[in-house]
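What follows is a set of notes on a single structure, which appears directly below.
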Amino acid sequence: MNIDPSESGAPVKSPTAATSELNNLLEIIAGTSAAIENIWDGNDGSQKYFDMLRTSVDRAAQVTAQLVEHAGGSDKKVLFHPELAAFVKPKNTTAPAPEKKRQSLLVVDDEPMALVLTKRILSEAGFDVVTAQSGFECLDLFRKRPRHFDLILLDLTMPFMDGEETFSRLRSIRPDVVVLLSTGFIAQERLDRMIGAGMAGFLRKPHRPNELVANITAVLESVKMSRAGCAPGTIASSF
């Protein structure tokens with residue numbers, strides 16, 4: 001029996017909104033699985049179930065990537081600003097540890113569960129993490145301490161003020177702010193526009209915890225190298 005979502009009371013979502021939400025859910029599942037796996041590490045018989053879960057998440061992520069492409073979204077999994085990409089080193093199988101000095105991150109996402117998991121993952125990796133659940137809260141925190149945050153991990157799809165507007169307002173406060181976009185769906189044209197405006201990079205959800213840490217560390221290290229090696233007037237002055 002087929003049920004019309006409008007008759008059942010369920011909200012009808014556009015393909016772009018649906019793929020973005022599906023990627024958010026996969027992000028939560030993958031992060032929760034990793035947290036539980038750490039707790040159960042060494043427990044006899046548990047590994048095969050975690051292997052099956054990881055495989056299922058990977059397969060689901062491949063399907064959602066196809067949906068993203070069909071809906072007109074970017075097919076990139078990870079993208080760095082061209083002037084930073086030259087400094088990015090190949091990723092190791094394990095996530096590199098951040099510098100000894102605890103670097104400060106501001107994580108912005110309107111999904112509470114994703115926010116909790118991301119904070120835990122990044123805190124355990126050695127970062128000092130502050131969270132915000134909206135663009136307005138992000139801007140309020142940033143205005144109070146504009147030089148405090150080394151990087152802002154920003155969701156795109158948020159109510160009232162989306163990630164692109166939040167990014168623009170952050171840049172008006174501090175032009176060299178380092179912003180890394182993390183979202184399940186973004187149209188290629190919009191991604192190009194934000195990269196052109198100075199966004200440091202893009203990570204498409206879902207991503208494994210170790211991949212998230214590795215990519216954030218790579219961006220921070222690339223910004224550091226770019227500022228040290230670029231001439232005035234290049235990306236060093238805007239990141």
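Identifiers in this document derive from the order of the structure tokens: chains are assigned A, B, ..., residues are numbered from 1 separately in each chain, and ligands are numbered from 1 in order of occurrence.
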Excluding Lys101 of chain A and its own-chain neighbours fewer than 5 positions away, which residues fall within 12 Å of it when counting only C-alpha atoms? Please give them as a list of chain:residue names. A:Gly126, A:Phe127, A:Asp128, A:Asp150
Which residues come within 12 Å of Met161 of chain A, counting only C-alpha atoms, excluding same-chain residues fewer than 2 positions away, as a tab-separated table (two decimals) with N, CA and C atoms, in the first residue's frame?
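File written: result-v7.tsv
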chain	number	residue	atom	x	y	z
A	108	VAL	N	29.53	24.73	13.86
A	108	VAL	CA	28.18	25.29	13.71
A	108	VAL	C	27.31	24.31	12.94
A	109	ASP	N	26.23	23.85	13.59
A	109	ASP	CA	25.31	22.89	12.95
A	109	ASP	C	23.98	22.96	13.68
A	110	ASP	N	22.88	22.95	12.95
A	110	ASP	CA	21.57	23.03	13.60
A	110	ASP	C	21.05	21.67	14.04
A	133	GLN	N	24.49	26.41	17.43
A	133	GLN	CA	23.42	25.68	16.76
A	133	GLN	C	22.70	26.52	15.70
A	134	SER	N	23.23	27.71	15.42
A	134	SER	CA	22.64	28.56	14.38
A	134	SER	C	23.67	29.56	13.91
A	135	GLY	N	23.38	30.18	12.76
A	135	GLY	CA	24.26	31.22	12.27
A	135	GLY	C	24.31	32.41	13.21
A	136	PHE	N	23.17	32.74	13.83
A	136	PHE	CA	23.11	33.87	14.76
A	136	PHE	C	23.99	33.62	15.98
A	137	GLU	N	23.92	32.40	16.53
A	137	GLU	CA	24.74	32.07	17.70
A	137	GLU	C	26.22	32.07	17.32
A	138	CYS	N	26.52	31.57	16.14
A	138	CYS	CA	27.90	31.57	15.65
A	138	CYS	C	28.46	32.99	15.59
A	139	LEU	N	27.70	33.91	15.01
A	139	LEU	CA	28.15	35.29	14.88
A	139	LEU	C	28.30	35.97	16.23
A	154	LEU	N	31.49	24.84	9.41
A	154	LEU	CA	30.18	25.46	9.22
A	154	LEU	C	29.25	24.59	8.38
A	155	ASP	N	28.06	24.33	8.89
A	155	ASP	CA	27.02	23.65	8.14
A	155	ASP	C	26.40	24.64	7.15
A	156	LEU	N	25.83	24.14	6.07
A	156	LEU	CA	25.23	25.02	5.07
A	156	LEU	C	23.73	25.23	5.31
A	157	THR	N	23.01	24.12	5.49
A	157	THR	CA	21.55	24.19	5.57
A	157	THR	C	21.11	24.42	7.01
A	158	MET	N	20.78	25.68	7.32
A	158	MET	CA	20.30	26.05	8.64
A	158	MET	C	19.14	27.01	8.48
A	159	PRO	N	18.16	26.98	9.38
A	159	PRO	CA	17.02	27.89	9.27
A	159	PRO	C	17.40	29.34	9.56
A	163	GLY	N	24.37	28.79	5.82
A	163	GLY	CA	25.82	28.83	5.94
A	163	GLY	C	26.48	29.87	5.06
A	164	GLU	N	25.93	30.11	3.88
A	164	GLU	CA	26.55	31.09	2.98
A	164	GLU	C	26.44	32.50	3.54
A	165	GLU	N	25.28	32.86	4.07
A	165	GLU	CA	25.12	34.18	4.67
A	165	GLU	C	25.98	34.32	5.93
A	166	THR	N	26.01	33.24	6.73
A	166	THR	CA	26.84	33.26	7.94
A	166	THR	C	28.30	33.46	7.57
A	167	PHE	N	28.75	32.76	6.54
A	167	PHE	CA	30.12	32.89	6.05
A	167	PHE	C	30.42	34.33	5.62
A	168	SER	N	29.50	34.94	4.89
A	168	SER	CA	29.70	36.31	4.44
A	168	SER	C	29.81	37.28	5.61
A	169	ARG	N	28.98	37.08	6.63
A	169	ARG	CA	29.01	37.98	7.80
A	169	ARG	C	30.27	37.75	8.64
Measuring atom to atom with only C-alpha atoms, identify which of A:Val219, A:Arg143, A:Gly184, A:Asp192 is nearest to Arg204 of chain A. A:Gly184
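Minimum atom-to-atom distances from A:Arg174, A:Ile28, A:Asp162, A:Leu122 to Phe142 of chain A were compared using only C-alpha atoms, and the lowest value belongs to A:Arg174.
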